[in-house]
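K.L.:
Once you've had a glance at the structure underneath, I'll fire off some questions.
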Amino acid sequence: MFRISFTIASIASFSLSKTVLAATVGYFNSESCADPSGLAECYESASIEWSNCVNNTCAGQNIDCDNVCSCVQTQSQLDCAGKHCWNQVYSCEYQETAGDIATYCLNPRLHEIPFYPPPDNAPGSCSCNLGRLLTSVYQTSNETETCGANGAEVVQGLTTGEIQTFTRACTCCSESAMLSAYWAVCPNTDPALLGINEIYESLIANDEDWPTCATDMEAFPCYSKLGFTPPGGNSSGTFYEPNHFPSNGTETVSNIAGSITSPVSGTMYTWTYNGVERTVTVASVDATPTSTTGTDGSGDKKSGAPSRASVFLPISCGLLFLIIVQNF
């Protein structure tokens with residue numbers, strides 16, 4: 001079971017504490033991986049590299065430097081998972097690891113992460129497609145400043161009164177898209193476990209225009225007029241209006257039945273993040289992995305640090321801070 005929350009720098013992570021098994025490596029229970037010892041060793045190497053980066057490069061500098069080191073470490077951990085835990089690249093644990101890119105990397109390039117988001121309902125995948133949810137909310141964040149794909153064109157020629165309505169509609173569509181993504185991607189999951197309350201309190205609770213957004217969204221439809229990407233990333237996603245959201249889901253998050261029995265990528269693959277190419281050679285290709293059903297990768301991402309026994313969807317500081325500084 002996962003408990004997942006959004007945070008900003010001044011808000012502590014919300015988490016579900018539990019006993020952590022000795023086999024926990026990052027977010028993974030390494031015993032479920034194709035190459036458990038290889039994963040542990042690889043994570044240890046990434047932890048050492050992170051320590052060297054912080055101690056040798058960031059002495060006397062601010063948190064931004066530490067985050068750069070953690071960004072590089074997360075990329076190394078993704079390589080570790082792809083190499084030694086290839087049977088879980090669609091799992092909640094892998095998606096949590098990939099989500100750390102959003103926490104630590106400036107202008108996170110989520111679309112460059114391998115196996116992310118995973119296919120919906122793939123064997124052994126997360127019951128809530130965290131990658132798709134995170135990608136959808138970040139897409140909305142990126143579209144906020146321009147008011148969708150068509151905002152700059154639509155605003156031309158509007159009267160003063162229409163511009164006021166247009167401006168409110170831009171904010172309403174952004175807020176609606178972020179909230180609506182939860183139902184578009186994970187309708188059966190309790191959204192409180194996915195951090196929706198933190199999103200609402202940080203961005204929407206103090207917006208005096210939110211209760212009347214329906215009028216503005218009808219005047220300037222979010223998708224057909226302004227060009228906002230629909231919640232969840234496909235044209236069937238609905239921009240829900242205030243007081244018209246579906247009932248909350250009640251389920252928690254876990255890996256569904258099934259397992260990956262051979263490397264999705266083949267025995268070797270390359271991926272490029274921020275212009276740097278990385279090559280991964282898969283280990284233990286002939287291993288017989290166990291099913292990921294019911295696993296719950298709680299743990300700390302740095303293998304050399306004490307475990308926090310927590311898991312959270314790491315849109316975290318990056319997304320909410322980005323939106324706040326944009327005067328959303």
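Following the order of the structure tokens, first chain is A, next is B, and so on, with residues numbered from 1 inside each chain and ligands from 1 in the order they appear.
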Got a sec: who's within 12 Å of A:Ile63, counting only C-alpha atoms, leaving out chain neighbours fewer than 5 positions off, as a ChimeraX atom specification?

P.N.:
/A:9,54,57-58,68-70,104-105

K.L.:
Using only C-alpha atoms, determine which residues lie at most 12 Å from A:Ser284, disregarding the query and same-chain residues fewer than 3 positions distant; provide the list as a PDB file with N, CA, C and O atoms, in the first residue's frame.

P.N.:
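As written to disk, around_24.pdb reads:
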ATOM      1  N   CYS A  33      13.321  -8.275  -7.604  1.00  0.00           N
ATOM      2  CA  CYS A  33      14.014  -7.876  -8.824  1.00  0.00           C
ATOM      3  C   CYS A  33      14.739  -9.068  -9.447  1.00  0.00           C
ATOM      4  O   CYS A  33      15.073 -10.043  -8.773  1.00  0.00           O
ATOM      5  N   ALA A  34      15.020  -8.954 -10.740  1.00  0.00           N
ATOM      6  CA  ALA A  34      15.718 -10.022 -11.449  1.00  0.00           C
ATOM      7  C   ALA A  34      17.117 -10.246 -10.895  1.00  0.00           C
ATOM      8  O   ALA A  34      17.618 -11.370 -10.872  1.00  0.00           O
ATOM      9  N   ASP A  35      17.761  -9.201 -10.418  1.00  0.00           N
ATOM     10  CA  ASP A  35      19.135  -9.285  -9.912  1.00  0.00           C
ATOM     11  C   ASP A  35      19.236  -8.479  -8.617  1.00  0.00           C
ATOM     12  O   ASP A  35      19.704  -7.342  -8.612  1.00  0.00           O
ATOM     13  N   PRO A  36      18.785  -9.042  -7.492  1.00  0.00           N
ATOM     14  CA  PRO A  36      18.724  -8.290  -6.230  1.00  0.00           C
ATOM     15  C   PRO A  36      20.069  -7.726  -5.776  1.00  0.00           C
ATOM     16  O   PRO A  36      20.169  -6.553  -5.414  1.00  0.00           O
ATOM     17  N   SER A  37      21.102  -8.540  -5.768  1.00  0.00           N
ATOM     18  CA  SER A  37      22.402  -8.065  -5.289  1.00  0.00           C
ATOM     19  C   SER A  37      22.980  -7.011  -6.225  1.00  0.00           C
ATOM     20  O   SER A  37      23.613  -6.036  -5.785  1.00  0.00           O
ATOM     21  N   GLY A  38      22.745  -7.191  -7.518  1.00  0.00           N
ATOM     22  CA  GLY A  38      23.225  -6.199  -8.480  1.00  0.00           C
ATOM     23  C   GLY A  38      22.560  -4.857  -8.275  1.00  0.00           C
ATOM     24  O   GLY A  38      23.206  -3.802  -8.394  1.00  0.00           O
ATOM     25  N   LEU A  39      21.253  -4.866  -7.966  1.00  0.00           N
ATOM     26  CA  LEU A  39      20.544  -3.608  -7.714  1.00  0.00           C
ATOM     27  C   LEU A  39      21.126  -2.909  -6.499  1.00  0.00           C
ATOM     28  O   LEU A  39      21.375  -1.699  -6.527  1.00  0.00           O
ATOM     29  N   GLY A  82      16.663  -0.284 -14.531  1.00  0.00           N
ATOM     30  CA  GLY A  82      16.548  -0.854 -15.857  1.00  0.00           C
ATOM     31  C   GLY A  82      17.486  -2.025 -16.076  1.00  0.00           C
ATOM     32  O   GLY A  82      17.176  -2.955 -16.830  1.00  0.00           O
ATOM     33  N   LYS A  83      18.635  -2.007 -15.396  1.00  0.00           N
ATOM     34  CA  LYS A  83      19.618  -3.073 -15.556  1.00  0.00           C
ATOM     35  C   LYS A  83      19.317  -4.269 -14.671  1.00  0.00           C
ATOM     36  O   LYS A  83      19.353  -5.424 -15.131  1.00  0.00           O
ATOM     37  N   HIS A  84      19.020  -4.022 -13.391  1.00  0.00           N
ATOM     38  CA  HIS A  84      18.931  -5.105 -12.418  1.00  0.00           C
ATOM     39  C   HIS A  84      17.504  -5.427 -11.966  1.00  0.00           C
ATOM     40  O   HIS A  84      17.270  -6.466 -11.360  1.00  0.00           O
ATOM     41  N   CYS A  85      16.571  -4.527 -12.254  1.00  0.00           N
ATOM     42  CA  CYS A  85      15.179  -4.768 -11.865  1.00  0.00           C
ATOM     43  C   CYS A  85      14.274  -4.549 -13.073  1.00  0.00           C
ATOM     44  O   CYS A  85      13.209  -3.939 -12.973  1.00  0.00           O
ATOM     45  N   TRP A  86      14.715  -5.049 -14.232  1.00  0.00           N
ATOM     46  CA  TRP A  86      14.008  -4.830 -15.486  1.00  0.00           C
ATOM     47  C   TRP A  86      12.596  -5.403 -15.471  1.00  0.00           C
ATOM     48  O   TRP A  86      11.731  -4.972 -16.242  1.00  0.00           O
ATOM     49  N   ASN A  87      12.361  -6.363 -14.587  1.00  0.00           N
ATOM     50  CA  ASN A  87      11.027  -6.960 -14.496  1.00  0.00           C
ATOM     51  C   ASN A  87      10.015  -6.068 -13.788  1.00  0.00           C
ATOM     52  O   ASN A  87       8.835  -6.400 -13.704  1.00  0.00           O
ATOM     53  N   THR A 261       8.344 -10.906 -17.989  1.00  0.00           N
ATOM     54  CA  THR A 261       9.159 -12.122 -17.976  1.00  0.00           C
ATOM     55  C   THR A 261      10.407 -12.022 -18.840  1.00  0.00           C
ATOM     56  O   THR A 261      11.276 -12.896 -18.782  1.00  0.00           O
ATOM     57  N   SER A 262      10.507 -10.996 -19.645  1.00  0.00           N
ATOM     58  CA  SER A 262      11.727 -10.742 -20.424  1.00  0.00           C
ATOM     59  C   SER A 262      11.876  -9.235 -20.572  1.00  0.00           C
ATOM     60  O   SER A 262      10.877  -8.499 -20.539  1.00  0.00           O
ATOM     61  N   PRO A 263      13.108  -8.739 -20.695  1.00  0.00           N
ATOM     62  CA  PRO A 263      13.319  -7.288 -20.731  1.00  0.00           C
ATOM     63  C   PRO A 263      12.529  -6.604 -21.836  1.00  0.00           C
ATOM     64  O   PRO A 263      12.594  -7.001 -23.006  1.00  0.00           O
ATOM     65  N   GLY A 266      14.864  -5.234 -24.553  1.00  0.00           N
ATOM     66  CA  GLY A 266      15.911  -6.072 -25.102  1.00  0.00           C
ATOM     67  C   GLY A 266      17.096  -6.074 -24.140  1.00  0.00           C
ATOM     68  O   GLY A 266      17.014  -5.577 -23.022  1.00  0.00           O
ATOM     69  N   THR A 267      18.211  -6.615 -24.561  1.00  0.00           N
ATOM     70  CA  THR A 267      19.353  -6.777 -23.660  1.00  0.00           C
ATOM     71  C   THR A 267      20.147  -5.490 -23.469  1.00  0.00           C
ATOM     72  O   THR A 267      20.979  -5.409 -22.563  1.00  0.00           O
ATOM     73  N   THR A 281      22.943  -1.902 -20.030  1.00  0.00           N
ATOM     74  CA  THR A 281      23.017  -3.308 -20.425  1.00  0.00           C
ATOM     75  C   THR A 281      22.305  -4.137 -19.369  1.00  0.00           C
ATOM     76  O   THR A 281      22.677  -4.123 -18.194  1.00  0.00           O
ATOM     77  N   ALA A 287      16.838 -14.677 -15.775  1.00  0.00           N
ATOM     78  CA  ALA A 287      16.222 -14.859 -14.456  1.00  0.00           C
ATOM     79  C   ALA A 287      14.724 -15.101 -14.604  1.00  0.00           C
ATOM     80  O   ALA A 287      14.096 -14.694 -15.588  1.00  0.00           O
ATOM     81  N   THR A 288      14.151 -15.765 -13.608  1.00  0.00           N
ATOM     82  CA  THR A 288      12.703 -15.990 -13.578  1.00  0.00           C
ATOM     83  C   THR A 288      12.111 -15.096 -12.491  1.00  0.00           C
ATOM     84  O   THR A 288      12.077 -15.455 -11.316  1.00  0.00           O
ATOM     85  N   PRO A 289      11.669 -13.914 -12.864  1.00  0.00           N
ATOM     86  CA  PRO A 289      11.190 -12.950 -11.866  1.00  0.00           C
ATOM     87  C   PRO A 289       9.903 -13.417 -11.204  1.00  0.00           C
ATOM     88  O   PRO A 289       9.125 -14.185 -11.778  1.00  0.00           O
TER      89      PRO A 289
END

K.L.:
As a PyMOL selection string, list the residues of stretch 20-104 of chain A assigned to alpha helix (DSSP H) by DSSP on the backbone atoms of this structure.

P.N.:
chain A and resi 36-57+63-84+92-104

K.L.:
Could the residues in this selection be saved with C-alpha atoms as a compact mmCIF listing (two decimals), in the first residue's frame?

P.N.:
# COMPACT_ATOMS: atom_id res chain seq x y z
CA PRO A 36 18.72 -8.29 -6.23
CA SER A 37 22.40 -8.07 -5.29
CA GLY A 38 23.23 -6.20 -8.48
CA LEU A 39 20.54 -3.61 -7.71
CA ALA A 40 21.91 -3.07 -4.20
CA GLU A 41 25.48 -2.67 -5.46
CA CYS A 42 24.40 -0.31 -8.22
CA TYR A 43 22.43 1.86 -5.80
CA GLU A 44 25.40 1.95 -3.45
CA SER A 45 27.60 3.23 -6.28
CA ALA A 46 25.01 5.91 -7.08
CA SER A 47 24.92 6.89 -3.41
CA ILE A 48 28.70 7.24 -3.29
CA GLU A 49 28.65 9.38 -6.41
CA TRP A 50 25.96 11.56 -4.82
CA SER A 51 28.02 11.98 -1.63
CA ASN A 52 31.13 12.89 -3.62
CA CYS A 53 29.13 15.40 -5.66
CA VAL A 54 27.67 17.09 -2.57
CA ASN A 55 30.92 17.08 -0.56
CA ASN A 56 33.29 18.07 -3.35
CA THR A 57 31.13 20.30 -5.52
CA ILE A 63 20.29 23.72 -2.09
CA ASP A 64 20.20 24.10 -5.88
CA CYS A 65 23.62 22.45 -6.09
CA ASP A 66 22.49 19.57 -3.88
CA ASN A 67 19.48 19.12 -6.13
CA VAL A 68 21.73 18.87 -9.20
CA CYS A 69 23.61 16.04 -7.47
CA SER A 70 20.31 14.34 -6.61
CA CYS A 71 19.08 14.80 -10.18
CA VAL A 72 22.14 12.96 -11.51
CA GLN A 73 21.76 10.32 -8.80
CA THR A 74 18.15 9.70 -9.82
CA GLN A 75 19.23 9.15 -13.41
CA SER A 76 21.79 6.60 -12.17
CA GLN A 77 19.11 4.88 -10.11
CA LEU A 78 16.88 4.62 -13.17
CA ASP A 79 19.80 2.94 -14.93
CA CYS A 80 20.18 0.59 -11.96
CA ALA A 81 16.50 -0.34 -12.11
CA GLY A 82 16.55 -0.85 -15.86
CA LYS A 83 19.62 -3.07 -15.56
CA HIS A 84 18.93 -5.10 -12.42
CA CYS A 92 4.80 1.72 -8.73
CA GLU A 93 8.38 1.53 -7.43
CA TYR A 94 9.92 2.40 -10.79
CA GLN A 95 7.41 5.20 -11.30
CA GLU A 96 8.27 6.63 -7.89
CA THR A 97 11.94 6.57 -8.83
CA ALA A 98 11.22 8.29 -12.13
CA GLY A 99 9.09 10.84 -10.30
CA ASP A 100 12.17 11.97 -8.34
CA ILE A 101 13.26 13.61 -11.59
CA ALA A 102 10.43 16.07 -11.00
CA THR A 103 11.59 16.70 -7.45
CA TYR A 104 15.28 17.31 -8.08

K.L.:
Just checking: using only C-alpha atoms, which residue out of A:Glu208, A:Glu175, A:Glu218, A:Glu251 ends up closest to A:Ala192?

P.N.:
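Looking only at the distances to A:Ala192, the closest residue turns out to be A:Glu251.
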
K.L.:
Go through A:Cys147, A:Cys222, A:Ile256, A:Val285 and flag the residue nearest A:Tyr90, using only C-alpha atoms for the distances.

P.N.:
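Once distances to A:Tyr90 are computed over only C-alpha atoms, the minimum belongs to A:Ile256.
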
K.L.:
From the set A:Pro114, A:Gly131, A:Pro211, A:Gly227, which residue has the shortest atom-to-atom contact distance to A:Cys172, counting only C-alpha atoms?

P.N.:
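Closest to A:Cys172, using only C-alpha atoms: A:Pro211.
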
K.L.:
So that I can see what lies close to A:Val154, please list as a short mmCIF file (atom, residue, chain, number, x, y, z; two decimals) with all heavy atoms, in the first residue's frame the residues with an atom at most 10 Å from it, counting only C-alpha atoms and leaving out residues fewer than 2 positions away in the same chain.

P.N.:
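That gives us result_18.cif:
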data_model
loop_
_atom_site.label_atom_id
_atom_site.label_comp_id
_atom_site.auth_asym_id
_atom_site.auth_seq_id
_atom_site.Cartn_x
_atom_site.Cartn_y
_atom_site.Cartn_z
N CYS A 147 -1.75 30.10 -21.50
CA CYS A 147 -3.20 29.83 -21.52
C CYS A 147 -3.53 28.85 -22.64
O CYS A 147 -4.32 29.13 -23.55
CB CYS A 147 -3.99 31.12 -21.69
SG CYS A 147 -5.77 30.90 -21.43
N ALA A 149 -2.66 26.15 -25.85
CA ALA A 149 -1.97 26.31 -27.13
C ALA A 149 -2.48 27.50 -27.93
O ALA A 149 -1.77 28.04 -28.78
CB ALA A 149 -2.12 25.03 -27.95
N ASN A 150 -3.72 27.94 -27.63
CA ASN A 150 -4.34 28.96 -28.46
C ASN A 150 -4.54 30.29 -27.76
O ASN A 150 -5.11 31.22 -28.35
CB ASN A 150 -5.72 28.47 -28.95
CG ASN A 150 -5.64 27.13 -29.64
OD1 ASN A 150 -4.64 26.81 -30.29
ND2 ASN A 150 -6.69 26.33 -29.50
N GLY A 151 -4.09 30.41 -26.52
CA GLY A 151 -4.39 31.60 -25.74
C GLY A 151 -3.93 32.89 -26.38
O GLY A 151 -4.67 33.89 -26.41
N ALA A 152 -2.72 32.92 -26.90
CA ALA A 152 -2.18 34.15 -27.49
C ALA A 152 -3.00 34.59 -28.69
O ALA A 152 -3.18 35.80 -28.94
CB ALA A 152 -0.72 33.92 -27.90
N GLN A 156 -6.40 38.11 -28.93
CA GLN A 156 -6.35 39.20 -29.89
C GLN A 156 -7.77 39.66 -30.25
O GLN A 156 -8.64 38.87 -30.59
CB GLN A 156 -5.63 38.75 -31.17
CG GLN A 156 -4.20 38.31 -30.96
CD GLN A 156 -3.32 39.44 -30.46
OE1 GLN A 156 -3.45 40.59 -30.88
NE2 GLN A 156 -2.43 39.10 -29.53
N GLY A 157 -8.00 40.95 -30.15
CA GLY A 157 -9.28 41.50 -30.57
C GLY A 157 -10.38 41.45 -29.52
O GLY A 157 -11.51 41.89 -29.79
N LEU A 158 -10.10 40.94 -28.33
CA LEU A 158 -11.12 40.90 -27.29
C LEU A 158 -11.31 42.26 -26.67
O LEU A 158 -10.38 43.07 -26.58
CB LEU A 158 -10.72 39.89 -26.20
CG LEU A 158 -10.61 38.42 -26.60
CD1 LEU A 158 -10.20 37.59 -25.39
CD2 LEU A 158 -11.93 37.91 -27.19
N ILE A 163 -11.56 40.26 -22.06
CA ILE A 163 -10.22 39.89 -21.59
C ILE A 163 -10.27 39.49 -20.12
O ILE A 163 -9.58 38.55 -19.69
CB ILE A 163 -9.24 41.06 -21.81
CG1 ILE A 163 -8.96 41.22 -23.31
CG2 ILE A 163 -7.94 40.84 -21.04
CD1 ILE A 163 -8.07 42.41 -23.65
N PHE A 166 -11.62 36.08 -20.13
CA PHE A 166 -10.57 35.22 -20.71
C PHE A 166 -9.51 34.92 -19.66
O PHE A 166 -9.09 33.76 -19.49
CB PHE A 166 -9.96 35.92 -21.91
CG PHE A 166 -8.66 35.35 -22.38
CD1 PHE A 166 -8.61 34.23 -23.20
CD2 PHE A 166 -7.46 35.93 -21.99
CE1 PHE A 166 -7.40 33.71 -23.63
CE2 PHE A 166 -6.24 35.42 -22.42
CZ PHE A 166 -6.20 34.31 -23.24
N PHE A 220 -15.08 30.40 -22.60
CA PHE A 220 -13.83 30.04 -23.27
C PHE A 220 -13.52 28.57 -22.95
O PHE A 220 -12.77 28.27 -22.02
CB PHE A 220 -12.68 30.94 -22.80
CG PHE A 220 -12.81 32.38 -23.22
CD1 PHE A 220 -13.43 33.31 -22.39
CD2 PHE A 220 -12.32 32.80 -24.45
CE1 PHE A 220 -13.55 34.64 -22.78
CE2 PHE A 220 -12.44 34.13 -24.85
CZ PHE A 220 -13.06 35.06 -24.01
N LYS A 225 -11.42 25.75 -27.36
CA LYS A 225 -11.15 27.16 -27.61
C LYS A 225 -9.73 27.55 -27.22
O LYS A 225 -8.98 28.10 -28.04
CB LYS A 225 -12.15 28.02 -26.83
CG LYS A 225 -12.04 29.52 -27.12
CD LYS A 225 -12.57 29.86 -28.50
CE LYS A 225 -12.65 31.38 -28.71
NZ LYS A 225 -13.14 31.72 -30.06
N LEU A 226 -9.34 27.25 -25.99
CA LEU A 226 -8.04 27.70 -25.49
C LEU A 226 -6.92 26.72 -25.84
O LEU A 226 -5.75 27.12 -25.86
CB LEU A 226 -8.10 27.92 -23.98
CG LEU A 226 -9.09 28.99 -23.50
CD1 LEU A 226 -9.03 29.11 -21.98
CD2 LEU A 226 -8.80 30.33 -24.17
N GLY A 227 -7.25 25.48 -26.08
CA GLY A 227 -6.23 24.52 -26.48
C GLY A 227 -5.46 23.90 -25.34
O GLY A 227 -4.34 23.41 -25.55
#

K.L.:
Between A:Glu112, A:Gly258, A:Tyr223, A:Leu193, which has the minimum distance to A:Gly275 (counting only C-alpha atoms)?

P.N.:
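Of A:Glu112, A:Gly258, A:Tyr223, A:Leu193, the one nearest A:Gly275, counting only C-alpha atoms, is A:Glu112.
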